[in-house]
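The next block is entry_17.txt, given as compact mmCIF, C-alpha atoms.
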# COMPACT_ATOMS: atom_id res chain seq x y z
CA MET A 1496 -57.50 -19.40 -13.37
CA GLU A 1497 -57.13 -20.07 -9.66
CA ALA A 1498 -58.73 -23.49 -10.17
CA VAL A 1499 -56.18 -24.32 -12.88
CA LEU A 1500 -53.34 -23.23 -10.61
CA GLY A 1501 -54.68 -25.46 -7.87
CA GLN A 1502 -54.80 -28.40 -10.25
CA VAL A 1503 -51.22 -27.84 -11.43
CA GLU A 1504 -50.11 -27.80 -7.83
CA GLN A 1505 -51.14 -31.47 -7.57
CA LEU A 1506 -48.69 -32.70 -10.22
CA PRO A 1507 -45.84 -33.51 -7.76
CA ALA A 1508 -48.31 -35.48 -5.62
CA LEU A 1509 -49.51 -37.45 -8.66
CA LEU A 1510 -45.96 -38.40 -9.61
CA ALA A 1511 -45.11 -39.28 -5.99
CA VAL A 1512 -48.12 -41.61 -5.73
CA SER A 1513 -47.20 -43.27 -9.04
CA ARG A 1514 -43.83 -44.24 -7.53
CA SER A 1515 -45.29 -45.52 -4.24
CA ALA A 1516 -46.87 -48.78 -3.10
CA LEU A 1517 -50.32 -47.17 -3.22
CA VAL A 1518 -50.66 -48.16 -6.88
CA ARG A 1519 -51.19 -51.77 -5.85
CA ASP A 1520 -54.85 -50.83 -5.26
CA TRP A 1521 -55.26 -49.21 -8.68
CA ASP A 1522 -57.70 -50.74 -11.12
CA SER A 1523 -58.05 -49.87 -14.80
CA LEU A 1524 -60.45 -47.02 -14.06
CA THR A 1525 -58.02 -45.42 -11.57
CA LEU A 1526 -55.19 -45.77 -14.06
CA ASP A 1527 -57.27 -44.14 -16.80
CA ARG A 1528 -58.01 -41.18 -14.53
CA ALA A 1529 -54.29 -40.74 -13.75
CA LEU A 1530 -53.40 -40.86 -17.44
CA GLU A 1531 -56.18 -38.40 -18.21
CA TRP A 1532 -54.73 -35.97 -15.68
CA ALA A 1533 -51.32 -36.36 -17.30
CA ARG A 1534 -52.78 -35.56 -20.72
CA TYR A 1535 -54.61 -32.61 -19.21
CA PHE A 1536 -51.35 -31.19 -17.85
CA GLN A 1537 -49.79 -31.66 -21.28
CA HIS A 1538 -52.74 -29.77 -22.77
CA LEU A 1539 -52.10 -26.90 -20.36
CA TYR A 1540 -48.50 -26.78 -21.54
CA ASP A 1541 -49.51 -26.63 -25.21
CA ARG A 1542 -52.10 -23.97 -24.45
CA PHE A 1543 -50.04 -21.61 -22.30
CA ARG A 1544 -46.43 -22.04 -23.47
CA ALA A 1545 -46.71 -19.00 -25.76
CA ARG A 1546 -48.24 -16.80 -23.01
CA PRO A 1547 -45.42 -15.58 -20.72
CA GLN A 1548 -47.60 -14.30 -17.86
CA LEU A 1549 -49.52 -17.56 -17.54
CA ARG A 1550 -46.33 -19.60 -17.97
CA GLU A 1551 -44.77 -17.73 -15.10
CA ALA A 1552 -47.82 -18.17 -12.89
CA LEU A 1553 -48.07 -21.91 -13.56
CA GLY A 1554 -44.34 -22.46 -13.10
CA ARG A 1555 -44.31 -20.51 -9.84
CA ARG A 1556 -47.25 -22.47 -8.42
CA LEU A 1557 -45.66 -25.75 -9.49
CA ARG A 1558 -42.34 -24.93 -7.84
CA ARG A 1559 -44.11 -23.82 -4.67
CA SER A 1560 -45.70 -27.26 -4.22
CA GLN A 1561 -42.42 -29.20 -3.87
CA PRO A 1562 -39.40 -29.04 -1.53
CA CYS A 1563 -36.86 -28.76 -4.34
CA PRO A 1564 -37.73 -26.70 -7.46
CA LEU A 1565 -37.01 -29.48 -9.92
CA LEU A 1566 -40.31 -29.46 -11.78
CA GLY A 1567 -40.94 -26.33 -13.79
CA PHE A 1568 -43.40 -25.40 -16.48
CA PRO A 1569 -41.74 -27.67 -19.13
CA ALA A 1570 -42.57 -30.68 -16.92
CA LEU A 1571 -46.23 -30.19 -17.83
CA GLY A 1572 -45.40 -30.99 -21.46
CA ARG A 1573 -43.62 -34.21 -20.42
CA CYS A 1574 -46.21 -35.31 -17.90
CA PRO A 1575 -47.49 -38.39 -19.80
CA GLN A 1576 -43.91 -39.64 -20.18
CA LEU A 1577 -43.02 -38.88 -16.57
CA LEU A 1578 -46.10 -40.66 -15.25
CA GLY A 1579 -45.72 -43.61 -17.64
CA LEU A 1580 -42.07 -44.12 -16.74
CA ALA A 1581 -42.80 -43.98 -12.99
CA LEU A 1582 -45.60 -46.55 -13.32
CA LEU A 1583 -43.62 -48.90 -15.57
CA GLU A 1584 -40.80 -48.96 -13.00
CA ASN A 1585 -43.18 -49.56 -10.10
CA ARG A 1586 -43.54 -53.29 -9.46
CA ALA A 1587 -46.52 -52.67 -7.19
CA LEU A 1588 -48.71 -51.85 -10.19
CA PRO A 1589 -51.20 -54.74 -10.69
CA PRO A 1590 -50.83 -56.79 -13.90
CA ALA A 1591 -54.20 -55.69 -15.27
CA ALA A 1592 -53.37 -52.03 -14.77
CA CYS A 1593 -49.91 -52.58 -16.31
CA ARG A 1594 -51.43 -54.10 -19.45
CA ARG A 1595 -53.85 -51.20 -19.61
CA LEU A 1596 -50.94 -48.78 -19.30
CA LEU A 1597 -49.02 -50.44 -22.14
CA ARG A 1598 -52.08 -50.37 -24.42
CA SER A 1599 -52.60 -46.69 -23.60
CA LEU A 1600 -49.00 -45.84 -24.41
CA LEU A 1601 -49.03 -47.86 -27.62
CA GLN A 1602 -52.29 -46.33 -28.81
CA PRO A 1603 -53.08 -43.01 -27.04
CA PRO A 1604 -56.74 -41.94 -26.97
CA GLY A 1605 -57.73 -40.07 -30.12
CA ALA A 1606 -54.79 -41.39 -32.15
CA GLY A 1607 -55.38 -43.14 -35.43
CA PRO A 1608 -54.39 -46.74 -36.16
CA ALA A 1609 -51.28 -45.60 -38.05
CA SER A 1610 -50.13 -43.13 -35.41
CA ASP A 1611 -46.58 -43.26 -34.10
CA PRO A 1612 -46.41 -44.42 -30.44
CA ARG A 1613 -43.87 -41.74 -29.55
CA GLY A 1614 -44.63 -41.87 -25.83
CA LEU A 1615 -43.77 -45.54 -25.45
CA GLY A 1616 -40.84 -45.23 -27.84
CA LEU A 1617 -39.34 -42.46 -25.76
CA LEU A 1618 -39.78 -44.46 -22.57
CA ALA A 1619 -38.26 -47.56 -24.16
CA ARG A 1620 -35.22 -45.62 -25.41
CA ARG A 1621 -34.63 -44.04 -22.02
CA LYS A 1622 -34.99 -47.32 -20.18
CA ALA A 1623 -32.73 -49.16 -22.62
CA ALA A 1624 -30.12 -46.41 -22.40
CA ALA A 1625 -30.19 -46.53 -18.59
CA ARG A 1626 -29.70 -50.32 -18.64
CA LEU A 1627 -26.87 -50.10 -21.17
CA LEU A 1628 -25.03 -47.33 -19.34
CA ALA A 1629 -25.22 -49.29 -16.09
CA LEU A 1630 -23.28 -52.25 -17.55
CA PRO A 1631 -19.71 -52.72 -16.23
CA ARG A 1632 -16.98 -51.32 -18.46
CA ARG A 1633 -13.89 -53.15 -19.67
CA VAL A 1634 -12.18 -50.34 -21.54
CA PRO A 1635 -10.53 -47.23 -20.06
CA GLY A 1636 -11.97 -43.77 -20.52
CA PRO A 1637 -14.75 -41.58 -19.16
CA GLU A 1638 -17.67 -43.42 -17.62
CA PRO A 1639 -20.54 -43.41 -20.15
CA GLN A 1640 -23.21 -42.96 -17.50
CA LEU A 1641 -21.37 -39.92 -16.14
CA GLN A 1642 -21.12 -38.45 -19.63
CA ALA A 1643 -24.82 -39.09 -20.23
CA GLU A 1644 -25.76 -37.46 -16.92
CA ALA A 1645 -23.60 -34.46 -17.78
CA ARG A 1646 -25.28 -34.02 -21.17
CA LEU A 1647 -28.70 -34.42 -19.57
CA LEU A 1648 -27.80 -31.77 -16.99
CA LEU A 1649 -26.75 -29.35 -19.74
CA SER A 1650 -29.94 -30.03 -21.67
CA ARG A 1651 -32.10 -29.36 -18.64
CA LEU A 1652 -30.17 -26.18 -17.86
CA ARG A 1653 -30.85 -24.87 -21.36
CA GLN A 1654 -34.50 -25.81 -21.01
CA GLU A 1655 -34.78 -24.02 -17.68
CA GLY A 1656 -33.12 -21.00 -19.26
CA GLN A 1657 -35.66 -20.91 -22.07
CA GLU A 1658 -38.48 -21.14 -19.56
CA ALA A 1659 -37.03 -18.37 -17.43
CA ALA A 1660 -36.51 -16.18 -20.50
CA GLY A 1661 -40.16 -16.56 -21.45
CA GLN A 1662 -41.30 -15.76 -17.94
CA LEU A 1663 -39.14 -12.64 -17.65
CA ARG A 1664 -39.68 -11.20 -21.11
CA TRP A 1665 -42.85 -9.46 -20.05
CA GLN A 1666 -41.51 -8.50 -16.61
CA CYS A 1667 -38.18 -6.87 -17.53
CA GLY A 1668 -37.91 -4.06 -20.03
CA ALA A 1669 -34.11 -4.18 -20.14
CA GLN A 1670 -32.18 -7.02 -21.70
CA GLU A 1671 -29.72 -7.09 -18.79
CA GLY A 1672 -32.56 -7.57 -16.33
CA GLN A 1673 -33.88 -10.49 -18.38
CA GLN A 1674 -30.48 -12.18 -18.47
CA ALA A 1675 -29.89 -11.69 -14.74
CA GLY A 1676 -33.28 -13.12 -13.84
CA GLU A 1677 -32.84 -16.02 -16.24
CA ALA A 1678 -29.45 -16.92 -14.75
CA ALA A 1679 -30.82 -16.71 -11.20
CA GLY A 1680 -33.61 -19.13 -12.06
CA GLN A 1681 -31.21 -21.57 -13.70
CA LEU A 1682 -28.84 -21.41 -10.73
CA ARG A 1683 -31.66 -22.19 -8.29
CA TRP A 1684 -32.64 -25.21 -10.34
CA LEU A 1685 -29.02 -26.34 -10.61
CA CYS A 1686 -28.47 -26.16 -6.85
CA GLY A 1687 -31.62 -28.18 -6.19
CA ALA A 1688 -30.72 -30.83 -8.77
CA LEU A 1689 -27.12 -31.32 -7.59
CA GLU A 1690 -28.14 -31.49 -3.95
CA LEU A 1691 -30.08 -34.68 -4.74
CA LEU A 1692 -26.89 -36.46 -5.85
CA PRO A 1693 -24.17 -37.83 -3.58
CA GLN A 1694 -21.41 -35.23 -3.47
CA PRO A 1695 -18.77 -37.26 -5.36
CA ARG A 1696 -21.30 -38.00 -8.09
CA ALA A 1697 -22.35 -34.36 -8.31
CA PHE A 1698 -18.71 -33.31 -8.65
CA GLY A 1699 -18.12 -35.87 -11.39
CA VAL A 1700 -21.19 -34.73 -13.34
CA VAL A 1701 -20.19 -31.05 -13.09
CA ALA A 1702 -16.60 -31.78 -14.18
CA ALA A 1703 -17.86 -33.88 -17.11
CA ALA A 1704 -20.35 -31.16 -18.09
CA LEU A 1705 -17.63 -28.51 -18.16
CA ALA A 1706 -15.47 -30.78 -20.33
CA VAL A 1707 -18.40 -31.53 -22.65
CA LEU A 1708 -18.97 -27.81 -23.20
CA LYS A 1709 -15.39 -27.34 -24.38
CA HIS A 1710 -15.24 -30.47 -26.52
CA GLY A 1711 -18.70 -29.83 -27.96
CA ARG A 1712 -17.83 -26.28 -29.01
CA GLY A 1713 -14.86 -27.42 -31.05
CA ALA A 1714 -16.91 -30.08 -32.81
CA GLU A 1715 -19.71 -27.62 -33.54
CA GLN A 1716 -17.29 -25.05 -34.95
CA ALA A 1717 -15.77 -27.70 -37.22
CA ARG A 1718 -19.22 -28.64 -38.53
CA ASP A 1719 -20.10 -25.00 -39.13
CA TRP A 1720 -16.98 -24.15 -41.11
CA ASP A 1721 -16.08 -27.47 -42.75
CA GLY A 1722 -19.59 -28.52 -43.74
CA ASP A 1723 -21.75 -27.32 -46.58
CA GLY A 1724 -21.56 -23.68 -45.51
CA SER A 1725 -25.18 -23.53 -44.38
CA SER A 1726 -24.26 -22.42 -40.85
CA SER A 1727 -23.41 -18.80 -40.27
CA PRO A 1728 -20.73 -17.26 -38.00
CA GLY A 1729 -23.51 -15.48 -36.16
CA GLY A 1730 -25.21 -18.78 -35.36
CA TYR A 1731 -22.00 -20.22 -33.98
CA GLN A 1732 -21.36 -17.10 -31.90
CA GLU A 1733 -24.86 -17.29 -30.45
CA SER A 1734 -24.33 -20.94 -29.54
CA ALA A 1735 -20.94 -20.14 -27.98
CA ALA A 1736 -22.51 -17.36 -25.92
CA GLY A 1737 -25.11 -19.80 -24.60
CA GLU A 1738 -22.42 -22.33 -23.67
CA ASP A 1739 -20.45 -19.59 -21.87
CA CYS A 1740 -23.56 -18.77 -19.85
CA THR A 1741 -24.09 -22.43 -18.97
CA ALA A 1742 -20.45 -22.84 -17.98
CA GLY A 1743 -20.73 -19.71 -15.84
CA LEU A 1744 -23.63 -21.26 -13.92
CA LEU A 1745 -21.66 -24.44 -13.23
CA LEU A 1746 -18.63 -22.43 -12.12
CA SER A 1747 -20.80 -20.20 -9.92
CA TRP A 1748 -22.13 -23.25 -8.13
CA LEU A 1749 -18.63 -24.68 -7.81
CA LEU A 1750 -16.82 -21.53 -6.66
CA GLY A 1751 -19.65 -20.12 -4.55
CA ASN A 1752 -18.62 -22.25 -1.57
CA GLN A 1753 -14.96 -22.71 -0.63
CA GLU A 1754 -15.51 -26.01 1.15
CA ARG A 1755 -17.37 -27.34 -1.86
CA PHE A 1756 -14.61 -26.25 -4.22
CA SER A 1757 -11.95 -27.80 -2.00
CA ALA A 1758 -13.85 -31.10 -1.88
CA PHE A 1759 -14.27 -30.95 -5.66
CA CYS A 1760 -10.52 -30.57 -6.19
CA LEU A 1761 -9.84 -33.52 -3.89
CA CYS A 1762 -12.38 -35.69 -5.71
CA ILE A 1763 -11.48 -34.99 -9.35
CA PRO A 1764 -8.25 -36.44 -10.87
CA CYS A 1765 -5.44 -33.90 -11.20
CA SER A 1766 -5.21 -34.36 -14.98
CA HIS A 1767 -8.89 -33.46 -15.36
CA LEU A 1768 -8.47 -30.46 -13.05
CA ALA A 1769 -5.53 -29.28 -15.15
CA PHE A 1770 -7.69 -29.54 -18.28
CA LEU A 1771 -10.46 -27.48 -16.66
CA ALA A 1772 -8.01 -24.88 -15.34
CA ASP A 1773 -6.50 -24.66 -18.81
CA HIS A 1774 -9.86 -23.96 -20.46
CA TYR A 1775 -11.64 -21.91 -17.77
CA SER A 1776 -9.75 -18.86 -16.56
CA GLN A 1777 -12.25 -18.43 -13.70
CA LEU A 1778 -11.10 -21.76 -12.30
CA CYS A 1779 -7.35 -21.39 -12.65
CA ARG A 1780 -6.65 -18.73 -10.02
CA PRO A 1781 -8.84 -20.29 -7.28
CA TYR A 1782 -7.24 -23.68 -7.95
CA LEU A 1783 -3.73 -22.25 -7.64
CA ASP A 1784 -4.73 -20.43 -4.44
CA LEU A 1785 -6.08 -23.69 -3.04
CA LEU A 1786 -2.85 -25.53 -3.86
CA THR A 1787 -0.93 -22.68 -2.23
CA GLY A 1788 -2.91 -23.10 0.96
CA TRP A 1789 -2.33 -26.85 0.99
CA GLY A 1790 1.39 -26.42 0.34
CA GLY A 1791 1.67 -24.01 3.27
CA HIS A 1792 0.73 -26.85 5.63
CA LEU A 1793 3.80 -28.92 4.73
CA HIS A 1794 7.11 -28.77 6.59
CA TYR A 1795 10.46 -30.39 5.94
CA ASP A 1796 11.46 -33.33 8.14
CA PRO A 1797 15.29 -33.58 8.07
CA LEU A 1798 15.21 -37.06 9.60
CA GLN A 1799 13.05 -38.41 6.80
CA GLY A 1800 14.57 -36.09 4.20
CA ARG A 1801 11.21 -35.10 2.73
CA TRP A 1802 8.22 -32.79 3.14
CA VAL A 1803 5.51 -34.06 5.50
CA LYS A 1804 2.17 -32.83 6.75
CA SER A 1805 2.52 -30.47 9.69
CA CYS A 1806 -1.09 -30.85 10.80
CA LEU A 1807 -3.13 -33.85 9.73
CA ASP A 1808 -6.48 -32.09 10.11
CA LYS A 1809 -5.45 -29.19 7.81
CA ALA A 1810 -3.19 -30.58 5.11
CA GLU A 1811 -5.35 -32.25 2.53
CA LEU A 1812 -2.49 -33.27 0.21
CA SER A 1813 0.82 -34.98 0.74
CA TRP A 1814 4.01 -33.71 -0.88
CA GLU A 1815 3.77 -36.32 -3.62
CA GLU A 1816 0.16 -35.38 -4.43
CA LEU A 1817 0.92 -31.66 -4.42
CA ARG A 1818 3.91 -32.16 -6.71
CA GLU A 1819 1.80 -34.23 -9.14
CA ARG A 1820 -0.83 -31.50 -9.36
CA PHE A 1821 1.68 -28.77 -10.14
CA ILE A 1822 3.37 -30.99 -12.74
CA CYS A 1823 -0.01 -31.58 -14.43
CA LEU A 1824 -0.61 -27.83 -14.58
CA CYS A 1825 2.80 -27.22 -16.14
CA GLN A 1826 2.13 -29.84 -18.80
CA GLY A 1827 -0.85 -27.85 -20.07
CA SER A 1828 -0.87 -24.93 -22.48
CA THR A 1829 1.89 -22.33 -22.48
CA PRO A 1830 -0.24 -19.66 -20.68
CA LEU A 1831 -1.21 -22.15 -17.95
CA LYS A 1832 2.39 -23.30 -17.54
CA GLU A 1833 3.64 -19.71 -17.33
CA GLN A 1834 0.99 -18.73 -14.80
CA THR A 1835 1.78 -21.77 -12.64
CA GLN A 1836 5.52 -21.16 -12.73
CA ALA A 1837 5.03 -17.44 -12.01
CA THR A 1838 2.92 -18.36 -8.98
CA LEU A 1839 5.61 -20.72 -7.68
CA GLU A 1840 8.37 -18.17 -8.27
CA LEU A 1841 6.44 -15.50 -6.40
CA LEU A 1842 5.86 -17.87 -3.48
CA ARG A 1843 9.54 -18.80 -3.44
CA THR A 1844 10.51 -15.11 -3.32
CA GLN A 1845 8.09 -14.45 -0.48
CA ASP A 1846 9.49 -17.47 1.38
CA GLY A 1847 13.11 -16.20 1.25
CA ASP A 1848 14.10 -16.90 -2.36
CA PHE A 1849 16.09 -20.01 -1.43
CA ARG A 1850 17.71 -21.96 -4.26
CA VAL A 1851 18.55 -25.21 -2.47
CA ARG A 1852 16.31 -28.08 -1.48
CA GLY A 1853 14.74 -28.55 1.93
CA LEU A 1854 14.33 -24.86 2.89
CA SER A 1855 11.18 -23.89 1.01
CA VAL A 1856 8.46 -26.13 -0.35
CA TRP A 1857 8.06 -23.72 -3.30
CA THR A 1858 11.73 -24.00 -4.21
CA ASP A 1859 11.49 -27.78 -4.21
CA LEU A 1860 8.31 -27.67 -6.28
CA LEU A 1861 9.98 -25.40 -8.85
CA ILE A 1862 12.90 -27.83 -9.09
CA GLU A 1863 10.54 -30.80 -9.51
CA VAL A 1864 8.39 -29.00 -12.07
CA GLY A 1865 11.46 -27.91 -14.04
CA SER A 1866 12.94 -31.41 -14.16
CA SER A 1867 9.58 -32.84 -15.18
CA CYS A 1868 9.29 -30.40 -18.07
CA VAL A 1869 12.81 -31.28 -19.24
CA ASP A 1870 11.98 -34.99 -19.10
CA THR A 1871 8.77 -34.41 -21.04
CA LYS A 1872 10.59 -32.47 -23.78
CA ALA A 1873 13.25 -35.14 -24.06
CA THR A 1874 10.63 -37.86 -24.37
CA ARG A 1875 8.81 -35.96 -27.11
CA LYS A 1876 12.07 -35.33 -28.98
CA TYR A 1877 12.94 -39.02 -28.79
CA LYS A 1878 9.52 -40.00 -30.15
CA ILE A 1879 9.86 -37.56 -33.04
CA LYS A 1880 13.19 -39.08 -34.03
What is this file in structure tokens?
Amino acid sequence: MEAVLGQVEQLPALLAVSRSALVRDWDSLTLDRALEWARYFQHLYDRFRARPQLREALGRRLRRSQPCPLLGFPALGRCPQLLGLALLENRALPPAACRRLLRSLLQPPGAGPASDPRGLGLLARRKAAARLLALPRRVPGPEPQLQAEARLLLSRLRQEGQEAAGQLRWQCGAQEGQQAGEAAGQLRWLCGALELLPQPRAFGVVAAALAVLKHGRGAEQARDWDGDGSSSPGGYQESAAGEDCTAGLLLSWLLGNQERFSAFCLCIPCSHLAFLADHYSQLCRPYLDLLTGWGGHLHYDPLQGRWVKSCLDKAELSWEELRERFICLCQGSTPLKEQTQATLELLRTQDGDFRVRGLSVWTDLLIEVGSSCVDTKATRKYKIK
């Protein structure tokens, strides 16, 4: 078994070489050996995926051989696709070896003449999707590539959770211990994956993933109850519990570092933040506390007749930006609006309970929020008529 573990440890090196300029020296024989190793790793996955102790040992050795724990035991099952995609995207691969690679993907060894070339089909779909998502957009709305990355992140999180559950089933006698260990493994993978992205991109993917979880749950519930009746309430509840766990991991990463959360709130549009605060109670209070801290750095300039930043290196939002964020929160659901207004009223009371403009930023915000709500109601009433 130690020999097998040593072989698995070489998978990250094989994939790294396949992406490098070293492949320019590969001939057909070298390519065949690389593909044979990939099929061998896939064989190990098929052989050991139902054996938790060996799964855990292989996954641990695989994660130990790389700086970021991105490749786990499931990567063994995808090894032919991972290697094939890396080689197809590497222009240093000689033409003869490239033709050999295409023939191998079209007709894998041991497959019959009528076999389905699933490996190449999967690579072609992924490559075509990547090209299509990278095209410039002419219509407003969420960026398709961001949505695709968010859904891919959620899929990989579920996959990592299934792997961790299998590894811990034989280690933990209690269900709570299994769930805690599974979540810890998923969170480690999530941190490693998001650290590879530029911070604004990582924030966008996390925000999109949280939105997808909420939108997806409503669509799934509609299918369960409006379809042919084949889905059961228990199945929907189980799916909802899994989505809650996934959302909890994303929120743990987001709220686990105050600087990260602050940067996230500066990066994401205020309307999207209001949507997330409306649907995730764990996010609402920290977001309001953050806005409170930013508002405390504003002071009233009587010469300009408006609120200005008292310290440029501390105040992240201007008065106009802060007002817009509170207005967005008050345009959400009734509970979110009430919580936001209650927070502003409490801050106004603590600041002296002034009722005129220019003495307390919280008083002025309450006035602005109130007038905005009145304008919104009037607009809706006019549209109804």
Which of these residues is nearest to Ser1828 in chain A, using only C-alpha atoms: A:Ala1742, A:Ala1772, A:Leu1749, A:Ala1645?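 Once distances to Ser1828 in chain A are computed over only C-alpha atoms, the minimum belongs to A:Ala1772.
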Please provide the set of residues having any atom within 9 Å of Trp1857 in chain A, restricted to only C-alpha atoms, with same-chain residues fewer than 5 positions apart removed, written as a PyMOL selection string. chain A and resi 1790+1839-1844+1846+1862
Using only C-alpha atoms, pick whichever of A:Leu1530, A:Val1700, A:Leu1549, A:Ala1679 has the shortest atom-to-atom distance to Leu1641 in chain A.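 Ranked by minimum distance to Leu1641 in chain A, first place goes to A:Val1700.
Distances to Leu1745 in chain A were evaluated for A:Gln1505, A:Gln1826, A:Gln1777, A:Ser1513 using all atoms listed in the file, and the minimum falls at A:Gln1777.
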So which one's closest to His1792 in chain A, A:Leu1510, A:Glu1754, A:Ser1855, A:Arg1595? Using only C-alpha atoms, please. A:Ser1855
Need the axis-aligned box for range 1527-1532 of chain A with 3 Å each side, so what are the centre and edges in Å to one decimal, as lines of an AutoDock Vina configuration file?
center_x = -55.7
center_y = -40.1
center_z = -16.0
size_x = 10.6
size_y = 14.2
size_z = 10.5
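Closest approach to Leu1553 in chain A among A:Leu1861, A:Leu1768, A:Met1496, A:Leu1601 is made by A:Met1496 (distances from only C-alpha atoms).
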Considering only C-alpha atoms, return as a short mmCIF file (atom, residue, chain, number, x, y, z; two decimals) with C-alpha atoms, in the frame of the given file whatever protein or nucleic-acid residues lie within 9 Å of range 1572-1576 of chain A, sequence-local ones (same chain, fewer than 3 positions apart) excluded.
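Output (part-v1.cif):
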data_model
loop_
_atom_site.label_atom_id
_atom_site.label_comp_id
_atom_site.auth_asym_id
_atom_site.auth_seq_id
_atom_site.Cartn_x
_atom_site.Cartn_y
_atom_site.Cartn_z
CA LEU A 1506 -48.69 -32.70 -10.22
CA LEU A 1510 -45.96 -38.40 -9.61
CA LEU A 1530 -53.40 -40.86 -17.44
CA GLU A 1531 -56.18 -38.40 -18.21
CA TRP A 1532 -54.73 -35.97 -15.68
CA ALA A 1533 -51.32 -36.36 -17.30
CA ARG A 1534 -52.78 -35.56 -20.72
CA TYR A 1535 -54.61 -32.61 -19.21
CA PHE A 1536 -51.35 -31.19 -17.85
CA GLN A 1537 -49.79 -31.66 -21.28
CA HIS A 1538 -52.74 -29.77 -22.77
CA LEU A 1539 -52.10 -26.90 -20.36
CA TYR A 1540 -48.50 -26.78 -21.54
CA ASP A 1541 -49.51 -26.63 -25.21
CA PHE A 1568 -43.40 -25.40 -16.48
CA PRO A 1569 -41.74 -27.67 -19.13
CA GLY A 1579 -45.72 -43.61 -17.64
CA LEU A 1580 -42.07 -44.12 -16.74
CA ALA A 1581 -42.80 -43.98 -12.99
CA LEU A 1600 -49.00 -45.84 -24.41
CA GLY A 1614 -44.63 -41.87 -25.83
CA LEU A 1615 -43.77 -45.54 -25.45
CA LEU A 1617 -39.34 -42.46 -25.76
CA LEU A 1618 -39.78 -44.46 -22.57
#
Find the residue from A:Leu1517, A:Cys1825, A:Leu1786, A:Val1701 that sits nearest to Leu1812 in chain A; use only C-alpha atoms when measuring. A:Leu1786
For a test of reading the model, state the distance in Å between CA of Ala1591 in chain A and CA of Ala1516 in chain A, rounded to one decimal. 15.8 Å
Would you mind listing what lies within 12 Å of Val1864 in chain A as a ChimeraX atom specification, with all atoms listed in the file counted and same-chain residues fewer than 3 positions away left out? /A:1817-1826,1832-1833,1835-1836,1839-1840,1857-1861,1867-1871
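Atom pair CA of Glu1638 in chain A / CA of Ala1703 in chain A: separated by 9.6 Å.
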List the spatial neighbours of range 1690-1692 of chain A as a list in words - criterion: any atom at most 12 Å away, only C-alpha atoms, same-chain residues fewer than 2 positions off excluded. Pro1562, Cys1563, Pro1564, Leu1565, Glu1644, Arg1683, Trp1684, Leu1685, Cys1686, Gly1687, Ala1688, Gln1694, Pro1695, Arg1696, Ala1697, Phe1698, Gly1699, Val1700, Val1701, Trp1748 and Arg1755 of chain A
Expected file: the selected residues, C-alpha atoms, as an mmCIF file, in the frame of the given file:
data_model
loop_
_atom_site.group_PDB
_atom_site.id
_atom_site.type_symbol
_atom_site.label_atom_id
_atom_site.label_comp_id
_atom_site.auth_asym_id
_atom_site.auth_seq_id
_atom_site.Cartn_x
_atom_site.Cartn_y
_atom_site.Cartn_z
ATOM 1 C CA PRO A 1562 -39.400 -29.040 -1.530
ATOM 2 C CA CYS A 1563 -36.860 -28.760 -4.340
ATOM 3 C CA PRO A 1564 -37.730 -26.700 -7.460
ATOM 4 C CA LEU A 1565 -37.010 -29.480 -9.920
ATOM 5 C CA GLU A 1644 -25.760 -37.460 -16.920
ATOM 6 C CA ARG A 1683 -31.660 -22.190 -8.290
ATOM 7 C CA TRP A 1684 -32.640 -25.210 -10.340
ATOM 8 C CA LEU A 1685 -29.020 -26.340 -10.610
ATOM 9 C CA CYS A 1686 -28.470 -26.160 -6.850
ATOM 10 C CA GLY A 1687 -31.620 -28.180 -6.190
ATOM 11 C CA ALA A 1688 -30.720 -30.830 -8.770
ATOM 12 C CA GLN A 1694 -21.410 -35.230 -3.470
ATOM 13 C CA PRO A 1695 -18.770 -37.260 -5.360
ATOM 14 C CA ARG A 1696 -21.300 -38.000 -8.090
ATOM 15 C CA ALA A 1697 -22.350 -34.360 -8.310
ATOM 16 C CA PHE A 1698 -18.710 -33.310 -8.650
ATOM 17 C CA GLY A 1699 -18.120 -35.870 -11.390
ATOM 18 C CA VAL A 1700 -21.190 -34.730 -13.340
ATOM 19 C CA VAL A 1701 -20.190 -31.050 -13.090
ATOM 20 C CA TRP A 1748 -22.130 -23.250 -8.130
ATOM 21 C CA ARG A 1755 -17.370 -27.340 -1.860
#
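By all atoms listed in the file, and with residues fewer than 3 positions from Arg1594 in chain A along its chain excluded, the set lying at most 12 Å from it is Asp1522, Ser1523, Leu1526, Asp1527, Leu1582, Leu1583, Leu1588, Pro1589, Pro1590, Ala1591, Leu1597, Arg1598, Ser1599, Leu1600 and Leu1601 of chain A.
With CA of Val1856 in chain A on one side and CA of His1767 in chain A on the other, the separation reads 24.1 Å.
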